[in-house]
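Shown here: protein.cif, mmCIF, C-alpha atoms.
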data_data
loop_
_atom_site.label_atom_id
_atom_site.label_comp_id
_atom_site.auth_asym_id
_atom_site.auth_seq_id
_atom_site.Cartn_x
_atom_site.Cartn_y
_atom_site.Cartn_z
CA MET M 4 70.06 132.45 82.66
CA SER M 5 67.99 135.22 84.31
CA SER M 6 70.38 137.13 86.56
CA THR M 7 73.60 135.62 85.22
CA SER M 8 73.57 138.78 83.15
CA ASP M 9 77.36 139.12 82.91
CA ILE M 10 77.54 135.82 81.08
CA ASP M 11 74.58 136.77 78.88
CA LYS M 12 76.27 140.04 78.00
CA LEU M 13 79.49 138.26 77.06
CA ILE M 14 77.54 135.88 74.81
CA GLU M 15 75.80 138.85 73.18
CA LEU M 16 79.12 140.58 72.47
CA MET M 17 80.79 137.41 71.19
CA ALA M 18 77.87 136.85 68.81
CA LYS M 19 78.80 140.12 67.07
CA LEU M 20 82.12 138.70 65.85
CA PRO M 21 82.21 137.67 62.19
CA GLY M 22 81.79 133.93 61.83
CA LEU M 23 80.04 133.52 65.19
CA GLY M 24 76.28 133.50 65.70
CA PRO M 25 74.31 133.23 68.96
CA ARG M 26 74.75 129.46 69.05
CA SER M 27 78.50 129.35 68.48
CA ALA M 28 78.94 132.35 70.80
CA ARG M 29 77.26 130.37 73.60
CA ARG M 30 79.52 127.42 72.85
CA ALA M 31 82.61 129.62 72.86
CA VAL M 32 81.63 131.29 76.15
CA LEU M 33 81.02 127.94 77.87
CA HIS M 34 84.38 126.73 76.58
CA MET M 35 86.08 129.88 77.90
CA ILE M 36 84.43 129.58 81.32
CA ARG M 37 85.64 125.98 81.58
CA LYS M 38 89.17 127.09 80.68
CA ARG M 39 89.07 130.25 82.74
CA ALA M 40 92.72 130.42 83.80
CA LEU M 41 94.13 129.18 80.50
CA LEU M 42 91.90 131.03 78.07
CA LEU M 43 89.32 133.50 79.43
CA ALA M 44 91.59 135.55 81.69
CA PRO M 45 94.47 135.73 79.14
CA LEU M 46 91.99 136.66 76.38
CA ALA M 47 90.50 139.45 78.49
CA GLU M 48 93.95 140.83 79.22
CA SER M 49 95.12 140.46 75.61
CA MET M 50 92.01 142.26 74.34
CA ARG M 51 92.48 145.06 76.86
CA ILE M 52 96.07 145.58 75.68
CA VAL M 53 95.15 145.51 71.99
CA ALA M 54 92.17 147.85 72.59
CA GLU M 55 94.60 150.32 74.16
CA THR M 56 97.53 150.02 71.79
CA ALA M 57 96.27 149.01 68.33
CA ARG M 58 96.27 151.77 65.75
CA GLU M 59 96.47 152.30 62.00
CA CYS M 60 99.88 153.13 60.59
CA LEU M 61 99.75 156.81 59.56
CA ASN M 62 101.88 156.03 56.50
CA CYS M 63 100.45 152.84 55.00
CA GLY M 64 97.24 151.97 56.90
CA ASN M 65 98.59 148.69 58.32
CA VAL M 66 97.43 147.77 61.83
CA GLY M 67 100.08 147.85 64.53
CA THR M 68 100.89 149.13 67.97
CA THR M 69 102.88 152.20 66.92
CA ASP M 70 101.98 155.36 64.97
CA VAL M 71 104.10 154.20 62.04
CA CYS M 72 104.18 150.42 61.59
CA ASP M 73 107.28 148.19 61.75
CA ILE M 74 107.31 147.65 58.00
CA CYS M 75 107.27 151.39 57.28
CA THR M 76 110.06 152.10 59.80
CA SER M 77 112.27 149.18 58.73
CA GLU M 78 115.08 150.44 56.48
CA LYS M 79 115.42 146.91 55.07
CA ARG M 80 111.99 147.21 53.49
CA ALA M 81 112.83 150.50 51.70
CA ASN M 82 113.62 148.84 48.35
CA GLY M 83 111.55 151.24 46.28
CA GLU M 84 108.61 148.85 45.92
CA ILE M 85 105.10 149.39 47.28
CA CYS M 86 102.53 146.61 47.22
CA VAL M 87 99.00 148.09 47.17
CA VAL M 88 96.37 145.90 48.90
CA GLU M 89 92.71 146.44 49.74
CA ASP M 90 92.78 145.34 53.31
CA VAL M 91 95.04 144.56 56.28
CA ALA M 92 94.01 140.90 55.93
CA ASP M 93 95.51 140.94 52.40
CA LEU M 94 98.72 142.49 53.77
CA TRP M 95 98.93 139.69 56.34
CA ALA M 96 98.38 137.09 53.59
CA MET M 97 101.24 138.63 51.53
CA GLU M 98 103.51 138.66 54.61
CA ARG M 99 102.75 134.99 55.33
CA SER M 100 103.88 134.08 51.81
CA GLY M 101 107.15 135.87 52.62
CA VAL M 102 107.75 136.67 48.94
CA PHE M 103 107.57 140.46 49.07
CA LYS M 104 110.42 142.47 50.60
CA GLY M 105 109.15 146.02 50.09
CA ARG M 106 106.53 148.15 51.81
CA TYR M 107 102.74 148.15 51.63
CA HIS M 108 99.91 150.54 51.09
CA VAL M 109 96.51 149.51 52.48
CA LEU M 110 93.67 151.23 50.61
CA GLY M 111 91.00 150.28 53.13
CA GLY M 112 88.54 149.12 50.50
CA THR M 113 87.80 149.52 46.80
CA LEU M 114 86.23 152.24 44.74
CA SER M 115 82.51 151.65 44.48
CA ALA M 116 79.97 153.88 42.78
CA LEU M 117 77.12 151.93 44.41
CA ASP M 118 78.41 152.48 47.94
CA SER M 119 79.68 155.96 46.94
CA VAL M 120 83.28 155.20 47.85
CA GLY M 121 85.52 157.67 46.02
CA PRO M 122 89.33 158.00 45.80
CA GLU M 123 89.45 160.36 48.81
CA ASP M 124 87.63 157.74 50.96
CA LEU M 125 90.48 155.32 50.29
CA ARG M 126 94.17 156.09 50.81
CA ILE M 127 94.78 156.95 47.14
CA PRO M 128 95.93 160.60 47.60
CA ARG M 129 98.37 159.38 50.28
CA LEU M 130 99.72 156.78 47.82
CA ARG M 131 100.47 159.56 45.31
CA ASP M 132 102.37 161.47 48.01
CA ARG M 133 104.38 158.38 48.93
CA VAL M 134 105.46 157.82 45.31
CA GLU M 135 107.07 161.30 45.42
CA THR M 136 108.64 161.20 48.88
CA GLU M 137 109.80 157.60 49.26
CA HIS M 138 111.72 157.27 45.93
CA ILE M 139 109.35 154.55 44.76
CA THR M 140 110.31 152.75 41.56
CA GLU M 141 107.56 150.11 41.36
CA ILE M 142 103.94 149.89 42.46
CA ILE M 143 102.55 146.35 42.59
CA LEU M 144 98.76 146.39 42.49
CA ALA M 145 97.78 143.31 44.51
CA LEU M 146 94.05 144.01 44.55
CA ASN M 147 91.47 141.24 44.58
CA ALA M 148 90.49 139.84 41.19
CA THR M 149 86.94 141.13 41.59
CA VAL M 150 85.19 143.79 39.49
CA ASP M 151 85.59 146.43 42.21
CA GLY M 152 89.21 145.44 42.86
CA GLN M 153 90.13 145.63 39.19
CA THR M 154 88.27 148.93 38.71
CA THR M 155 90.28 150.38 41.59
CA ALA M 156 93.51 148.99 40.11
CA HIS M 157 92.75 150.67 36.76
CA TYR M 158 92.01 153.98 38.48
CA ILE M 159 95.28 153.89 40.43
CA ALA M 160 97.21 152.88 37.31
CA ASP M 161 95.69 155.88 35.49
CA GLN M 162 96.69 158.25 38.28
CA LEU M 163 100.29 157.07 38.50
CA GLU M 164 101.00 156.33 34.84
CA GLY M 165 104.40 157.53 33.65
CA ARG M 166 105.63 158.31 37.15
CA VAL M 167 106.52 154.80 38.28
CA ARG M 168 106.62 151.20 37.04
CA LEU M 169 103.19 149.62 37.53
CA THR M 170 102.69 145.86 37.84
CA SER M 171 99.94 143.53 38.99
CA LEU M 172 99.90 139.96 40.29
CA ALA M 173 99.96 137.22 37.65
CA GLN M 174 96.69 135.46 36.98
CA GLY M 175 96.55 131.73 36.34
CA VAL M 176 95.95 128.30 37.79
CA PRO M 177 96.43 128.25 41.58
CA ILE M 178 98.94 125.74 43.00
CA GLY M 179 97.07 122.48 43.59
CA GLY M 180 94.18 123.75 41.44
CA GLU M 181 92.27 121.38 39.19
CA LEU M 182 91.23 122.66 35.77
CA ASP M 183 87.83 121.03 36.11
CA TYR M 184 87.01 123.20 39.11
CA LEU M 185 88.34 126.50 37.73
CA ASP M 186 86.14 129.14 36.18
CA ASP M 187 86.43 130.02 32.49
CA GLY M 188 87.99 133.42 33.18
CA THR M 189 90.88 131.91 35.12
CA ILE M 190 91.54 129.28 32.45
CA SER M 191 91.48 131.94 29.71
CA ALA M 192 93.87 134.15 31.69
CA ALA M 193 96.21 131.22 32.35
CA MET M 194 96.14 130.28 28.67
CA ARG M 195 96.88 133.82 27.47
CA ALA M 196 99.76 134.13 29.97
CA ARG M 197 101.20 130.69 29.15
CA LYS M 198 104.97 130.37 29.40
CA ASN M 199 107.77 128.23 27.94
CA ILE M 200 108.85 125.27 30.01
CA MET E 2 103.38 141.24 61.74
CA SER E 3 106.82 140.89 63.35
CA SER E 4 106.73 143.05 66.48
CA THR E 5 102.98 143.62 66.53
CA SER E 6 103.15 140.74 68.97
CA ASP E 7 100.16 141.82 71.06
CA ILE E 8 97.91 141.45 68.05
CA ASP E 9 99.52 138.11 67.12
CA LYS E 10 98.97 136.87 70.66
CA LEU E 11 95.31 137.87 70.55
CA ILE E 12 94.87 136.03 67.24
CA GLU E 13 96.55 132.94 68.73
CA LEU E 14 94.21 132.97 71.76
CA MET E 15 91.10 133.58 69.66
CA ALA E 16 92.04 130.64 67.42
CA LYS E 17 91.67 128.37 70.46
CA LEU E 18 87.92 129.03 70.69
CA PRO E 19 85.67 126.27 69.35
CA GLY E 20 84.45 127.09 65.85
CA LEU E 21 87.32 129.49 65.12
CA GLY E 22 90.53 128.53 63.33
CA PRO E 23 93.58 130.68 62.59
CA ARG E 24 91.88 132.23 59.57
CA SER E 25 88.60 133.19 61.22
CA ALA E 26 90.51 134.31 64.32
CA ARG E 27 92.48 136.79 62.17
CA ARG E 28 89.23 137.99 60.62
CA ALA E 29 87.59 138.38 64.05
CA VAL E 30 90.60 140.27 65.45
CA LEU E 31 90.69 142.69 62.49
CA HIS E 32 86.94 143.25 62.92
CA MET E 33 87.42 143.93 66.63
CA ILE E 34 90.29 146.36 66.03
CA ARG E 35 88.13 148.27 63.55
CA LYS E 36 85.31 148.44 66.11
CA ARG E 37 87.57 149.08 69.06
CA ALA E 38 85.27 151.29 71.14
CA LEU E 39 82.08 149.41 70.31
CA LEU E 40 83.32 145.84 70.49
CA LEU E 41 86.94 145.21 71.55
CA ALA E 42 87.00 147.29 74.74
CA PRO E 43 83.55 146.10 75.96
CA LEU E 44 84.50 142.48 75.17
CA ALA E 45 87.75 142.79 77.15
CA GLU E 46 85.88 144.23 80.11
CA SER E 47 83.06 141.68 79.89
CA MET E 48 85.57 138.80 79.75
CA ARG E 49 87.46 140.18 82.74
CA ILE E 50 84.25 140.32 84.79
CA VAL E 51 83.16 136.81 83.79
CA ALA E 52 86.66 135.43 84.43
CA GLU E 53 86.45 136.82 87.95
CA THR E 54 82.85 135.97 88.81
CA ALA E 55 81.80 132.86 86.86
CA ARG E 56 81.60 129.66 88.90
CA GLU E 57 79.83 126.33 88.91
CA CYS E 58 76.75 126.05 91.11
CA LEU E 59 77.73 123.83 94.07
CA ASN E 60 74.28 122.24 94.01
CA CYS E 61 73.49 121.52 90.36
CA GLY E 62 76.62 122.32 88.30
CA ASN E 63 75.02 125.18 86.34
CA VAL E 64 77.27 128.11 85.45
CA GLY E 65 76.52 131.38 87.20
CA THR E 66 78.02 134.20 89.17
CA THR E 67 77.08 132.95 92.64
CA ASP E 68 78.05 129.84 94.65
CA VAL E 69 74.51 128.48 94.29
CA CYS E 70 72.81 129.44 91.02
CA ASP E 71 69.61 131.47 90.64
CA ILE E 72 67.56 128.43 89.67
CA CYS E 73 68.64 126.49 92.78
CA THR E 74 67.94 129.43 95.10
CA SER E 75 64.56 130.32 93.53
CA GLU E 76 61.72 128.96 95.66
CA LYS E 77 59.45 129.09 92.60
CA ARG E 78 61.54 126.36 90.96
CA ALA E 79 61.22 123.97 93.94
CA ASN E 80 58.36 121.95 92.42
CA GLY E 81 59.87 118.55 93.18
CA GLU E 82 61.16 118.02 89.62
CA ILE E 83 64.79 117.75 88.58
CA CYS E 84 65.77 117.72 84.91
CA VAL E 85 69.09 115.89 84.43
CA VAL E 86 71.20 117.21 81.53
CA GLU E 87 74.69 116.42 80.30
CA ASP E 88 75.96 119.92 79.90
CA VAL E 89 75.29 123.57 80.76
CA ALA E 90 74.57 124.16 77.06
CA ASP E 91 71.70 121.65 77.34
CA LEU E 92 70.40 123.45 80.43
CA TRP E 93 70.43 126.73 78.49
CA ALA E 94 68.57 125.06 75.62
CA MET E 95 65.88 123.79 78.04
CA GLU E 96 65.59 127.26 79.61
CA ARG E 97 65.18 128.89 76.19
CA SER E 98 62.25 126.59 75.46
CA GLY E 99 60.70 127.84 78.72
CA VAL E 100 58.76 124.59 79.18
CA PHE E 101 60.38 123.31 82.37
CA LYS E 102 59.60 124.95 85.71
CA GLY E 103 61.70 122.80 88.05
CA ARG E 104 65.39 122.61 88.86
CA TYR E 105 68.30 121.09 86.97
CA HIS E 106 71.18 118.76 87.56
CA VAL E 107 74.14 119.09 85.19
CA LEU E 108 76.15 115.86 85.02
CA GLY E 109 79.14 117.41 83.26
CA GLY E 110 79.37 114.64 80.65
CA THR E 111 78.35 111.04 80.11
CA LEU E 112 79.63 107.74 81.39
CA SER E 113 82.23 106.39 79.02
CA ALA E 114 84.28 103.24 79.44
CA LEU E 115 86.57 104.29 76.59
CA ASP E 116 87.46 107.62 78.21
CA SER E 117 87.27 106.01 81.67
CA VAL E 118 84.55 108.36 82.92
CA GLY E 119 82.83 106.70 85.90
CA PRO E 120 79.82 107.78 88.01
CA GLU E 121 82.04 109.61 90.52
CA ASP E 122 83.55 111.72 87.68
CA LEU E 123 80.07 113.01 86.90
CA ARG E 124 77.67 114.51 89.45
CA ILE E 125 75.73 111.27 89.98
CA PRO E 126 76.41 110.80 93.75
CA ARG E 127 75.31 114.42 94.28
CA LEU E 128 72.10 113.69 92.34
CA ARG E 129 71.32 110.81 94.75
CA ASP E 130 71.83 113.17 97.70
CA ARG E 131 69.51 115.75 96.18
CA VAL E 132 66.71 113.22 95.69
CA GLU E 133 66.79 112.68 99.48
CA THR E 134 67.19 116.26 100.67
CA GLU E 135 65.10 118.27 98.21
CA HIS E 136 61.85 116.23 98.39
CA ILE E 137 62.13 115.28 94.72
CA THR E 138 59.15 113.49 93.17
CA GLU E 139 60.26 113.25 89.54
CA ILE E 140 63.58 112.98 87.74
CA ILE E 141 63.44 113.84 84.02
CA LEU E 142 66.40 112.35 82.19
CA ALA E 143 67.01 114.82 79.35
CA LEU E 144 70.24 113.27 78.13
CA ASN E 145 71.27 113.33 74.50
CA ALA E 146 69.90 110.55 72.31
CA THR E 147 73.40 109.16 71.74
CA VAL E 148 74.76 105.79 72.86
CA ASP E 149 76.74 107.36 75.72
CA GLY E 150 73.81 109.57 76.73
CA GLN E 151 71.38 106.66 76.83
CA THR E 152 73.87 104.41 78.70
CA THR E 153 74.18 107.13 81.32
CA ALA E 154 70.39 107.49 81.50
CA HIS E 155 70.02 103.74 82.09
CA TYR E 156 72.66 103.81 84.82
CA ILE E 157 70.97 106.69 86.64
CA ALA E 158 67.56 105.04 86.26
CA ASP E 159 69.03 101.86 87.84
CA GLN E 160 70.43 103.83 90.74
CA LEU E 161 67.25 105.72 91.52
CA GLU E 162 64.66 103.07 90.71
CA GLY E 163 61.85 102.86 93.22
CA ARG E 164 62.82 106.04 95.01
CA VAL E 165 61.35 108.57 92.60
CA ARG E 166 59.33 108.79 89.39
CA LEU E 167 61.72 108.53 86.42
CA THR E 168 60.86 109.95 82.99
CA SER E 169 62.71 110.76 79.79
CA LEU E 170 62.05 113.13 76.89
CA ALA E 171 59.72 111.82 74.17
CA GLN E 172 61.36 110.71 70.95
CA GLY E 173 59.79 111.42 67.59
CA VAL E 174 59.70 113.67 64.54
CA PRO E 175 61.10 117.15 65.33
CA ILE E 176 58.82 120.13 64.60
CA GLY E 177 59.39 121.12 60.98
CA GLY E 178 61.15 117.82 60.34
CA GLU E 179 60.78 116.05 57.01
CA LEU E 180 60.45 112.26 57.08
CA ASP E 181 62.75 111.93 54.09
CA TYR E 182 65.63 113.47 56.03
CA LEU E 183 65.10 111.57 59.29
CA ASP E 184 67.10 108.51 60.25
CA ASP E 185 65.42 105.12 60.56
CA GLY E 186 65.74 105.06 64.35
CA THR E 187 63.79 108.28 64.76
CA ILE E 188 61.03 107.14 62.41
CA SER E 189 60.75 103.80 64.25
CA ALA E 190 60.60 105.58 67.62
CA ALA E 191 57.97 108.04 66.34
CA MET E 192 55.91 105.15 64.92
CA ARG E 193 56.03 103.11 68.14
CA ALA E 194 55.04 106.16 70.20
CA ARG E 195 52.25 107.21 67.80
CA LYS E 196 49.27 108.88 69.40
CA ASN E 197 45.55 109.35 68.68
CA ILE E 198 44.60 112.60 66.97
#

Can I see the file as C-alpha cells?
Amino acid sequence: MSSTSDIDKLIELMAKLPGLGPRSARRAVLHMIRKRALLLAPLAESMRIVAETARECLNCGNVGTTDVCDICTSEKRANGEICVVEDVADLWAMERSGVFKGRYHVLGGTLSALDSVGPEDLRIPRLRDRVETEHITEIILALNATVDGQTTAHYIADQLEGRVRLTSLAQGVPIGGELDYLDDGTISAAMRARKNI
Amino acid sequence: MSSTSDIDKLIELMAKLPGLGPRSARRAVLHMIRKRALLLAPLAESMRIVAETARECLNCGNVGTTDVCDICTSEKRANGEICVVEDVADLWAMERSGVFKGRYHVLGGTLSALDSVGPEDLRIPRLRDRVETEHITEIILALNATVDGQTTAHYIADQLEGRVRLTSLAQGVPIGGELDYLDDGTISAAMRARKNI
C-alpha cells in the first residue's frame, strides 16, 4: 500500500463517515474500485454536485439545493402549521411518514447547559419571527423524547405561549411494540393517554 | 425531499456501499453536507482521482495506480516467495502485519462448484506462469480457513507439486484468544500442532 497513496487517502476520508471505521472503509473502497463505472465514478460526480449546491434553507434550516427549500416555497404547505424538529434527519423521517402537510422548522440541536447551547445558538429567535410573519396557527413540537429534547420543547412553549396553538407528538406504545420490551416511562405515558375504543 | 434530487441520488448511491443501508447512508450524507469543505469536497475529489487511476496489477492482481503494482516492481520484494491470497483485502491485511517480505498473488476469489468458478476464472494459470518466470522457490498459500479456501489451496498445491516449496499459514489459537470462545476445529488444530516451550 506504500505509494498507492490516492487509495490510502480515500480510505482515510471514508473512515471519517459516521458508521464506518478503518476496516469497513477499506471494504467499501475495495467494493467501489471493483464497481468503478457503476459506483465510484457516479458517487464522485454526485458528491461534487452536492458539495457545490447543498445549502441550508434560510427560512427553516432544512437542507436543499436552493436558498429557500422546496417546502418553504410550496404554497400547498402554507397551512398555518409548523412542525419543529431538532435535526434535518428528523424532518426527513416526518416527510417519509407523509402525515404532515405543513412546513418545518429545524432547530439544529437542543438546548444544553452542559454544552453551553443557548436559544440564540439554535433557530429559536427565527421561529418567533416566523410565527408573526407566516400567519402560523399551530406549532407542533416534534422534538425527541429525551431530557434535552423535552427541555427545549418546554422553553419554546414558554416563549410562544398565548400567541399560537402549541401541540406535541403523542406518546405511547409504538406500532408493533411489545409491552415486555418497553420502558416504564412509555407504558405510564400510554396508560395516562389511554383512549376509548 | 421532493426536488432535492441531487441529495436523494447521493443517498441512494451511498446506500449501495457494503455496510451502509438506507438509514446509515442518510446519516452519512447529512454528516458530509455539514462538513462540506472538510469532508464532502475532498471525498468527491479523492473518488474522482481513484476512479480514474485505480487498476488491477497485470502481474499479481493487487489494486494500485499503475499497470504493475509497487510490490511487483520493487526489486527488494523479489526474494523468491509468493504469498497467494484470495482477495486484495487479504493482501492489505498481510501488508499491515509487515511480516512478509516477498510478492503476492491475488486469486480474486475461490474455486466454487456451486457458483461455477473454475481455475481459469481465478488467476491460477497466471500463478503457474509466474513460478516459471520469476524464479520462485516458495509459494505460501494464505487462503482463508473456509471450505472453499482450503479446496482452492489443495487444488493449487496439486498443480504446483514438485515444482516449488509449498507452505500454508499455521493454524492455532489467535493472539488474545480465549479457549472458551474458540471452535472445536481450531482447538484440535492447535493441539495437533503443539510445540515445545

Using all atoms listed in the file, select each residue of chain M with any atom at most 9 Å away from an atom of chain E, and give the selection as a PyMOL selection string. chain M and resi 4-10+12-13+16-17+19-23+27+29-36+39-40+42-58+66-69+72-74+91-92+95+98-99

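This file gives the following result for the PyMOL selection byres ((chain E and resi 192-195) around 12): Leu170, Ala171, Gln172, Gly173, Val174, Leu180, Asp185, Gly186, Thr187, Ile188, Ser189, Ala190, Ala191, Lys196, Asn197 and Ile198 of chain E.
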
Which residues match the PyMOL selection byres ((chain E and resi 139) around 12) in the file above, as a PyMOL selection string? chain E and resi 79-85+103-105+131-133+135-138+140-142+158+161-169

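Going from CA of Thr134 (chain E) over to CA of Lys77 (chain E), you cover 17.0 Å.
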
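Distances here use all atoms listed in the file; by that measure, the residue among M:Thr154, M:Ser77, M:Ser100, M:Asn147 closest to Gly121 (chain M) is M:Thr154.
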
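Here CA of Ala154 (chain E) and CA of Asp181 (chain E) stand 28.8 Å from one another.
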
One decimal, Å: what's the distance from CA of His155 (chain E) over to CA of Pro175 (chain E), could you say? 23.2 Å

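Counting all atoms listed in the file, the residue from E:Ser117, E:Leu123, E:Ala143, E:Cys58 that sits nearest to Ala94 (chain E) is E:Ala143.
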
Expansion of the PyMOL selection byres ((chain E and resi 60) around 8) into residues, as JSON, numbers by chain: {"E": [58, 59, 61, 62, 69, 70, 73, 106, 127]}

Write out as number ranges by chain which residues come within 12 Å of Ala116 (chain M) when counting all atoms listed in the file, dropping same-chain ones fewer than 2 positions away. M: 113-114, 118-122, 124, 150-151, 154-155
